[in-house]
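So the structure is just underneath, and the comments pick up after that.
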Amino acid sequence: MIAVTGATGEVGRRVVARLVEAGVPHRSVVRDASRAAPGADDVRVASDYGARDEMTAAFEGATTVFLIPAAENAERVEQHKTAVDAALAAGVGRLVYLSFLNAAPDATFTLARDHWATEEHIRATGLAWTFLRMNLYMDFIPGLVAPDGAIRGPAGDGRVSAILRDDIAAAASAVLTTDGHDGATYDLTGPSSFSLAEAAELLGARYEDETDEQAYASRESYGAPDWEIRGWVTSYQAIRDGSLDVLSPAMRDLTGRAAVSLAEHLQS
Ligand SMILES: NC(=O)c1ccc[n+]([C@@H]2O[C@H](COP(=O)([O-])OP(=O)(O)OC[C@H]3O[C@@H](n4cnc5c(N)ncnc54)[C@H](OP(=O)(O)O)[C@@H]3O)[C@@H](O)[C@H]2O)c1
């Protein structure tokens, strides 16, 4: 039985829908039962990844856990570690974690460092693991256009192989429902990479490159905490330095089809 965390979210509910369709026994682990995906066989509520006993109870009886990362917050790594420890305590055999492309302790995109720390914790548990390292969501690209028709950020002419959440869910479902993935790390990327200028052109918008200083200054007024502003700005810097320009065969290898391109997505 596969326990899916974050099952009320965009990736989680898509994975659950695929497990329902495939007739695979599964459980939705959610914070709010009334928002679980329709058709879910089995729903368990746990208030937070950081609530160890609740997470352990939610994982009881599961053979595999699909751990979707928590909403970005300053305690995210600790929350993930607690959820991983809960899976271990519940006797789960396999943990599939949705990580991030080029996760590393010194990743340019600072939020990818959380994923590295989580991966390290999972590696140390002795659980069988698989890491799915997603790129930036293609779903979010249209939302980068400001009301005045410009995408602004310090991405230069760097490129990003963004991927749709729907494609991530397809790859995740394939990994969850088949064997042979223990110890594997799969990069989940789109079929091609694009610069933000190219994305802007497809969107009928324009791209205005920012310096790092301009990027921080323009986002200061949002009233967000420093870690979050750094996360936003460094996501553009990671495009600029090539960290997010990876073309991986994993999506096709796992699902038998290519991921959707930005042009296809915008035409659909
Ligand atoms: N690759 C990218 O570009 C990108 C962009 C944004 C986020 N992400 C990451 O990818 C994750 C999944 O994306 P998504 O689109 O499915 O996000 P989403 O729609 O916001 O769903 C996140 C899911 O995780 C649950 N969750 C969040 N924080 C939690 C916590 N501390 N403890 C327990 N459950 C928690 C949410 O529960 P509720 O429904 O109760 O809130 C929801 O079910 C996000 O959480 C974030 O870490 C990636």
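Each chain of the structure tokens is named A, B, ... in the order shown, its residues numbered from 1; ligands are numbered from 1 in display order.
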
Could you list, as a short mmCIF file (atom, residue, chain, number, x, y, z; two decimals) with N, CA and C atoms, in the first residue's frame, every residue within 12 Å of stretch 118-127 of chain A, counting only C-alpha atoms and ignoring same-chain residues fewer than 4 positions away?
data_model
loop_
_atom_site.label_atom_id
_atom_site.label_comp_id
_atom_site.auth_asym_id
_atom_site.auth_seq_id
_atom_site.Cartn_x
_atom_site.Cartn_y
_atom_site.Cartn_z
N THR A 63 3.60 0.19 2.73
CA THR A 63 4.87 -0.41 2.32
C THR A 63 5.77 0.66 1.68
N THR A 64 5.12 1.62 1.03
CA THR A 64 5.85 2.70 0.36
C THR A 64 5.25 4.04 0.78
N VAL A 65 6.11 5.02 0.99
CA VAL A 65 5.64 6.39 1.22
C VAL A 65 6.15 7.28 0.10
N LEU A 67 6.80 10.97 -0.32
CA LEU A 67 6.90 12.19 0.49
C LEU A 67 7.04 13.40 -0.42
N ILE A 68 5.99 14.20 -0.40
CA ILE A 68 5.98 15.45 -1.16
C ILE A 68 6.51 16.54 -0.22
N PRO A 69 7.43 17.38 -0.69
CA PRO A 69 8.00 18.36 0.24
C PRO A 69 6.96 19.34 0.76
N ALA A 70 7.20 19.82 1.97
CA ALA A 70 6.31 20.79 2.61
C ALA A 70 6.36 22.13 1.90
N GLU A 75 11.32 26.06 8.81
CA GLU A 75 11.51 24.78 9.52
C GLU A 75 11.37 23.56 8.61
N ARG A 76 11.38 23.79 7.31
CA ARG A 76 11.03 22.71 6.39
C ARG A 76 11.92 21.48 6.53
N VAL A 77 13.22 21.66 6.68
CA VAL A 77 14.11 20.50 6.76
C VAL A 77 13.76 19.65 7.99
N GLU A 78 13.54 20.32 9.10
CA GLU A 78 13.18 19.56 10.32
C GLU A 78 11.86 18.83 10.13
N GLN A 79 10.90 19.47 9.48
CA GLN A 79 9.61 18.81 9.21
C GLN A 79 9.83 17.57 8.36
N HIS A 80 10.65 17.69 7.34
CA HIS A 80 10.91 16.54 6.47
C HIS A 80 11.59 15.42 7.23
N LYS A 81 12.57 15.79 8.05
CA LYS A 81 13.30 14.76 8.82
C LYS A 81 12.34 14.02 9.74
N THR A 82 11.42 14.75 10.35
CA THR A 82 10.46 14.12 11.26
C THR A 82 9.56 13.17 10.48
N ALA A 83 9.11 13.58 9.31
CA ALA A 83 8.25 12.71 8.51
C ALA A 83 9.01 11.46 8.07
N VAL A 84 10.27 11.61 7.74
CA VAL A 84 11.09 10.45 7.35
C VAL A 84 11.25 9.50 8.54
N ASP A 85 11.53 10.07 9.70
CA ASP A 85 11.68 9.24 10.90
C ASP A 85 10.37 8.52 11.22
N ALA A 86 9.26 9.18 10.95
CA ALA A 86 7.95 8.56 11.19
C ALA A 86 7.76 7.37 10.25
N ALA A 87 8.19 7.53 9.01
CA ALA A 87 8.06 6.42 8.06
C ALA A 87 8.88 5.22 8.54
N LEU A 88 10.07 5.52 9.04
CA LEU A 88 10.94 4.46 9.57
C LEU A 88 10.28 3.78 10.77
N ALA A 89 9.75 4.59 11.68
CA ALA A 89 9.12 4.06 12.89
C ALA A 89 7.88 3.23 12.54
N ALA A 90 7.21 3.59 11.47
CA ALA A 90 5.99 2.86 11.07
C ALA A 90 6.32 1.57 10.33
N GLY A 91 7.59 1.33 10.05
CA GLY A 91 7.98 0.09 9.38
C GLY A 91 7.81 0.12 7.87
N VAL A 92 7.76 1.32 7.31
CA VAL A 92 7.66 1.46 5.85
C VAL A 92 8.96 0.95 5.22
N GLY A 93 8.86 0.28 4.07
CA GLY A 93 10.07 -0.28 3.46
C GLY A 93 10.75 0.66 2.50
N ARG A 94 9.95 1.49 1.84
CA ARG A 94 10.49 2.28 0.72
C ARG A 94 9.97 3.71 0.79
N LEU A 95 10.86 4.64 0.54
CA LEU A 95 10.46 6.04 0.56
C LEU A 95 10.86 6.70 -0.76
N VAL A 96 9.88 7.28 -1.41
CA VAL A 96 10.13 8.02 -2.65
C VAL A 96 9.96 9.50 -2.29
N TYR A 97 10.99 10.28 -2.53
CA TYR A 97 10.98 11.69 -2.11
C TYR A 97 11.04 12.60 -3.33
N LEU A 98 10.17 13.58 -3.35
CA LEU A 98 10.16 14.56 -4.43
C LEU A 98 11.15 15.67 -4.08
N SER A 99 12.31 15.58 -4.69
CA SER A 99 13.42 16.48 -4.39
C SER A 99 13.53 17.53 -5.49
N PHE A 100 14.68 18.15 -5.58
CA PHE A 100 14.85 19.22 -6.58
C PHE A 100 16.15 19.04 -7.34
N LEU A 101 16.08 19.41 -8.61
CA LEU A 101 17.21 19.30 -9.54
C LEU A 101 18.49 19.90 -8.94
N ASN A 102 19.56 19.15 -9.06
CA ASN A 102 20.86 19.61 -8.57
C ASN A 102 20.83 20.01 -7.10
N ALA A 103 20.04 19.26 -6.31
CA ALA A 103 20.05 19.48 -4.86
C ALA A 103 21.48 19.32 -4.36
N ALA A 104 21.94 20.27 -3.59
CA ALA A 104 23.33 20.24 -3.09
C ALA A 104 23.42 21.20 -1.92
N PRO A 105 24.40 20.98 -1.04
CA PRO A 105 24.52 21.88 0.12
C PRO A 105 24.82 23.31 -0.27
N LEU A 111 16.59 27.08 -1.95
CA LEU A 111 15.61 26.10 -1.47
C LEU A 111 16.00 24.67 -1.85
N ALA A 112 16.85 24.52 -2.86
CA ALA A 112 17.33 23.17 -3.23
C ALA A 112 18.25 22.61 -2.14
N ARG A 113 18.78 23.50 -1.29
CA ARG A 113 19.64 23.03 -0.18
C ARG A 113 18.80 22.26 0.84
N ASP A 114 17.53 22.68 1.03
CA ASP A 114 16.62 21.93 1.92
C ASP A 114 16.46 20.50 1.41
N PHE A 131 14.87 9.13 -5.31
CA PHE A 131 14.71 10.58 -5.33
C PHE A 131 14.26 11.03 -6.73
N LEU A 132 13.19 11.79 -6.74
CA LEU A 132 12.70 12.39 -7.98
C LEU A 132 13.04 13.87 -7.90
N ARG A 133 14.01 14.27 -8.67
CA ARG A 133 14.47 15.66 -8.58
C ARG A 133 13.80 16.50 -9.66
N ASP A 182 15.09 1.32 -6.43
CA ASP A 182 15.76 1.57 -5.16
C ASP A 182 17.15 2.16 -5.41
N GLY A 183 17.47 3.23 -4.71
CA GLY A 183 18.78 3.85 -4.84
C GLY A 183 18.93 4.72 -6.09
N ALA A 184 17.84 4.89 -6.83
CA ALA A 184 17.93 5.69 -8.07
C ALA A 184 17.55 7.15 -7.81
N THR A 185 18.22 8.03 -8.51
CA THR A 185 17.88 9.46 -8.51
C THR A 185 17.53 9.84 -9.93
#

Item checked: Every residue of stretch 85-243 of chain A that DSSP places in helix (DSSP H, G or I), as a PyMOL selection string -> chain A and resi 85-89+111-125+138-140+142-144+165-177+196-202+212-220+226-240

Item checked: From A:Arg252, A:Arg13, A:Thr211, A:Met55, residue lying nearest A:Ala36 [only C-alpha atoms] -> A:Arg13

Next item on the list: Go through the chains and note each residue within 6 Å of ligand 1, using only C-alpha atoms and all ligand atoms, then give the set as a list in words.
Entry: Gly6, Ala7, Thr8, Gly9, Glu10, Val11, Gly12, Arg31, Asp32, Asp48, Tyr49, Ile68, Pro69, Ala70, Ala71, Glu72, Met134, Asn135, Leu136 and Tyr137 of chain A

Checklist line | Contact residues around stretch 144-156 of chain A with only C-alpha atoms at 7 Å, ignoring same-chain residues under 5 positions, as a list in words | finding: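 The filter keeps Ala200, Ala205, Arg206, Tyr207, Glu208, Asp209, Glu210, Thr211, Asp212, Ala215, Tyr236, Gln237, Ile239 and Arg240 of chain A.
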
Written selection (N, CA and C atoms) as a PDB file, in the first residue's frame:
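For reference, again29.pdb as written:
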ATOM      1  N   ALA A 200       8.953  34.578 -22.579  1.00  0.00           N
ATOM      2  CA  ALA A 200       8.181  35.819 -22.673  1.00  0.00           C
ATOM      3  C   ALA A 200       7.624  35.989 -24.087  1.00  0.00           C
ATOM      4  N   ALA A 205       4.835  38.483 -24.074  1.00  0.00           N
ATOM      5  CA  ALA A 205       5.354  39.413 -23.066  1.00  0.00           C
ATOM      6  C   ALA A 205       6.788  39.790 -23.446  1.00  0.00           C
ATOM      7  N   ARG A 206       7.487  40.473 -22.553  1.00  0.00           N
ATOM      8  CA  ARG A 206       8.893  40.798 -22.798  1.00  0.00           C
ATOM      9  C   ARG A 206       9.691  40.428 -21.554  1.00  0.00           C
ATOM     10  N   TYR A 207      10.988  40.180 -21.759  1.00  0.00           N
ATOM     11  CA  TYR A 207      11.856  39.864 -20.613  1.00  0.00           C
ATOM     12  C   TYR A 207      12.784  41.038 -20.360  1.00  0.00           C
ATOM     13  N   GLU A 208      12.837  41.457 -19.096  1.00  0.00           N
ATOM     14  CA  GLU A 208      13.775  42.513 -18.698  1.00  0.00           C
ATOM     15  C   GLU A 208      14.717  41.930 -17.661  1.00  0.00           C
ATOM     16  N   ASP A 209      15.976  41.823 -18.049  1.00  0.00           N
ATOM     17  CA  ASP A 209      16.965  41.252 -17.131  1.00  0.00           C
ATOM     18  C   ASP A 209      17.218  42.226 -15.977  1.00  0.00           C
ATOM     19  N   GLU A 210      17.370  41.671 -14.787  1.00  0.00           N
ATOM     20  CA  GLU A 210      17.682  42.484 -13.613  1.00  0.00           C
ATOM     21  C   GLU A 210      19.081  42.138 -13.110  1.00  0.00           C
ATOM     22  N   THR A 211      19.731  43.090 -12.463  1.00  0.00           N
ATOM     23  CA  THR A 211      20.929  42.764 -11.705  1.00  0.00           C
ATOM     24  C   THR A 211      20.466  42.108 -10.396  1.00  0.00           C
ATOM     25  N   ASP A 212      21.393  41.469  -9.704  1.00  0.00           N
ATOM     26  CA  ASP A 212      21.023  40.860  -8.413  1.00  0.00           C
ATOM     27  C   ASP A 212      20.488  41.940  -7.465  1.00  0.00           C
ATOM     28  N   ALA A 215      17.019  42.870  -8.324  1.00  0.00           N
ATOM     29  CA  ALA A 215      16.080  41.787  -8.001  1.00  0.00           C
ATOM     30  C   ALA A 215      15.720  41.806  -6.520  1.00  0.00           C
ATOM     31  N   TYR A 236      16.083  32.536 -10.078  1.00  0.00           N
ATOM     32  CA  TYR A 236      16.495  33.162 -11.348  1.00  0.00           C
ATOM     33  C   TYR A 236      18.008  33.013 -11.542  1.00  0.00           C
ATOM     34  N   GLN A 237      18.752  33.186 -10.457  1.00  0.00           N
ATOM     35  CA  GLN A 237      20.212  33.054 -10.574  1.00  0.00           C
ATOM     36  C   GLN A 237      20.596  31.628 -10.994  1.00  0.00           C
ATOM     37  N   ILE A 239      18.820  29.766 -12.924  1.00  0.00           N
ATOM     38  CA  ILE A 239      18.612  29.711 -14.384  1.00  0.00           C
ATOM     39  C   ILE A 239      19.844  30.316 -15.064  1.00  0.00           C
ATOM     40  N   ARG A 240      20.276  31.464 -14.552  1.00  0.00           N
ATOM     41  CA  ARG A 240      21.394  32.187 -15.172  1.00  0.00           C
ATOM     42  C   ARG A 240      22.679  31.354 -15.212  1.00  0.00           C
TER      43      ARG A 240
END

Note to self: Using DSSP assignments from the backbone, pull out every residue in stretch 119-268 of chain A that falls under strand (DSSP E or B) and give it to me as JSON, numbers by chain.
What the structure shows: {"A": [128, 129, 130, 131, 132, 133, 134, 137, 150, 151, 152, 153, 159, 160, 163, 184, 185, 186, 187, 188, 194, 195, 206, 207, 208, 209]}

Atoms to include: N, CA, C and O atoms. Write the selected residues as a compact mmCIF listing (two decimals), in the first residue's frame.
# COMPACT_ATOMS: atom_id res chain seq x y z
N ALA A 128 14.91 1.85 1.81
CA ALA A 128 15.10 1.87 0.35
C ALA A 128 14.52 3.20 -0.13
O ALA A 128 13.41 3.57 0.26
N TRP A 129 15.27 3.93 -0.94
CA TRP A 129 14.79 5.25 -1.36
C TRP A 129 14.91 5.46 -2.86
O TRP A 129 15.73 4.81 -3.52
N THR A 130 14.10 6.36 -3.35
CA THR A 130 14.22 6.87 -4.72
C THR A 130 14.00 8.37 -4.64
O THR A 130 13.08 8.83 -3.97
N PHE A 131 14.87 9.13 -5.31
CA PHE A 131 14.71 10.58 -5.33
C PHE A 131 14.26 11.03 -6.73
O PHE A 131 14.87 10.66 -7.74
N LEU A 132 13.19 11.79 -6.74
CA LEU A 132 12.70 12.39 -7.98
C LEU A 132 13.04 13.87 -7.90
O LEU A 132 12.44 14.60 -7.11
N ARG A 133 14.01 14.27 -8.67
CA ARG A 133 14.47 15.66 -8.58
C ARG A 133 13.80 16.50 -9.66
O ARG A 133 14.19 16.48 -10.82
N MET A 134 12.79 17.22 -9.23
CA MET A 134 12.01 18.05 -10.17
C MET A 134 12.74 19.35 -10.49
O MET A 134 13.52 19.85 -9.70
N TYR A 137 8.50 24.44 -11.82
CA TYR A 137 7.24 24.11 -12.47
C TYR A 137 7.01 24.97 -13.71
O TYR A 137 7.02 26.21 -13.63
N ALA A 150 5.82 42.37 -18.41
CA ALA A 150 7.26 42.04 -18.38
C ALA A 150 7.53 40.90 -17.39
O ALA A 150 6.91 40.82 -16.33
N ILE A 151 8.46 40.02 -17.78
CA ILE A 151 9.06 39.09 -16.82
C ILE A 151 10.38 39.73 -16.41
O ILE A 151 11.18 40.09 -17.27
N ARG A 152 10.57 39.88 -15.11
CA ARG A 152 11.81 40.50 -14.63
C ARG A 152 12.50 39.58 -13.64
O ARG A 152 11.86 39.04 -12.73
N GLY A 153 13.79 39.42 -13.80
CA GLY A 153 14.57 38.62 -12.85
C GLY A 153 16.01 38.57 -13.31
O GLY A 153 16.29 38.89 -14.47
N ARG A 159 19.02 29.18 -19.27
CA ARG A 159 17.87 28.40 -19.72
C ARG A 159 17.38 27.48 -18.61
O ARG A 159 18.13 27.08 -17.72
N VAL A 160 16.10 27.14 -18.71
CA VAL A 160 15.49 26.27 -17.70
C VAL A 160 14.62 25.22 -18.40
O VAL A 160 13.85 25.56 -19.30
N ILE A 163 9.17 21.82 -15.97
CA ILE A 163 8.32 20.63 -16.20
C ILE A 163 6.95 20.87 -15.56
O ILE A 163 6.85 21.50 -14.50
N ALA A 184 17.84 4.89 -6.83
CA ALA A 184 17.93 5.69 -8.07
C ALA A 184 17.55 7.15 -7.81
O ALA A 184 16.66 7.44 -7.00
N THR A 185 18.22 8.03 -8.51
CA THR A 185 17.88 9.46 -8.51
C THR A 185 17.53 9.84 -9.93
O THR A 185 18.34 9.66 -10.84
N TYR A 186 16.30 10.30 -10.12
CA TYR A 186 15.84 10.67 -11.46
C TYR A 186 15.63 12.18 -11.54
O TYR A 186 14.91 12.74 -10.71
N ASP A 187 16.22 12.80 -12.54
CA ASP A 187 15.95 14.22 -12.78
C ASP A 187 14.68 14.33 -13.61
O ASP A 187 14.60 13.74 -14.70
N LEU A 188 13.71 15.07 -13.12
CA LEU A 188 12.46 15.25 -13.87
C LEU A 188 12.47 16.64 -14.50
O LEU A 188 12.34 17.65 -13.79
N PHE A 194 14.44 26.56 -22.11
CA PHE A 194 14.17 27.85 -22.76
C PHE A 194 14.68 28.96 -21.85
O PHE A 194 14.75 28.81 -20.62
N SER A 195 15.01 30.08 -22.47
CA SER A 195 15.38 31.26 -21.69
C SER A 195 14.09 31.98 -21.32
O SER A 195 13.03 31.76 -21.92
N ARG A 206 7.49 40.47 -22.55
CA ARG A 206 8.89 40.80 -22.80
C ARG A 206 9.69 40.43 -21.55
O ARG A 206 9.14 40.37 -20.45
N TYR A 207 10.99 40.18 -21.76
CA TYR A 207 11.86 39.86 -20.61
C TYR A 207 12.78 41.04 -20.36
O TYR A 207 13.42 41.55 -21.28
N GLU A 208 12.84 41.46 -19.10
CA GLU A 208 13.78 42.51 -18.70
C GLU A 208 14.72 41.93 -17.66
O GLU A 208 14.29 41.57 -16.56
N ASP A 209 15.98 41.82 -18.05
CA ASP A 209 16.96 41.25 -17.13
C ASP A 209 17.22 42.23 -15.98
O ASP A 209 17.23 43.44 -16.18

Notebook entry, point to check: Distance atom CA of A:Ala258-atom CA of A:Leu196, one decimal place?
Noted result: 21.7 Å

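For stretch 170-175 of chain A, the residues within 6 Å (counting only C-alpha atoms, excluding itself and residues fewer than 6 positions away along the chain) are Val15, Met251, Leu254 and Thr255 of chain A.
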
Notebook entry, point to check: Near A:Ala58, within 9 Å and counting only C-alpha atoms, which residues show up once chain neighbours fewer than 6 positions away are dropped, as a ChimeraX atom specification?
Noted result: /A:3,27-29,43-46,86-87,90

Notebook entry, point to check: Expressed in Å to a single decimal, how great is the separation between atom CA of A:Thr234 and atom CA of A:Gln267?
Noted result: 29.1 Å

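Between A:Leu266 and the candidates A:Trp232, A:Phe140, A:Tyr222, A:Tyr216, the tightest atom-to-atom separation, counting only C-alpha atoms, involves A:Phe140.
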
Check: How many Å lie between atom CA of A:Val246 and atom CA of A:Ser161, rounded to one decimal?
Finding: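 These atoms are spaced 6.3 Å apart.
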
Next item on the list: Just the residues within 12 Å of A:His265, please, counting only C-alpha atoms, with nothing from its chain fewer than 4 positions along; format it as a ChimeraX atom specification.
Entry: /A:137-142,162-167,190-191,199,202-203,259-261

Note to self: Counting only C-alpha atoms, which residue out of A:Pro38, A:Ala74, A:Asp157, A:Ser248 sits closest to A:Pro225?
What the structure shows: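 Of all the options, A:Ala74 lies closest to A:Pro225.
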
Notebook entry, point to check: Which of these residues is nearest to A:Ala263, using only C-alpha atoms: A:Ser235, A:Gln214, A:Ser192, A:Ser221?
Noted result: A:Ser192
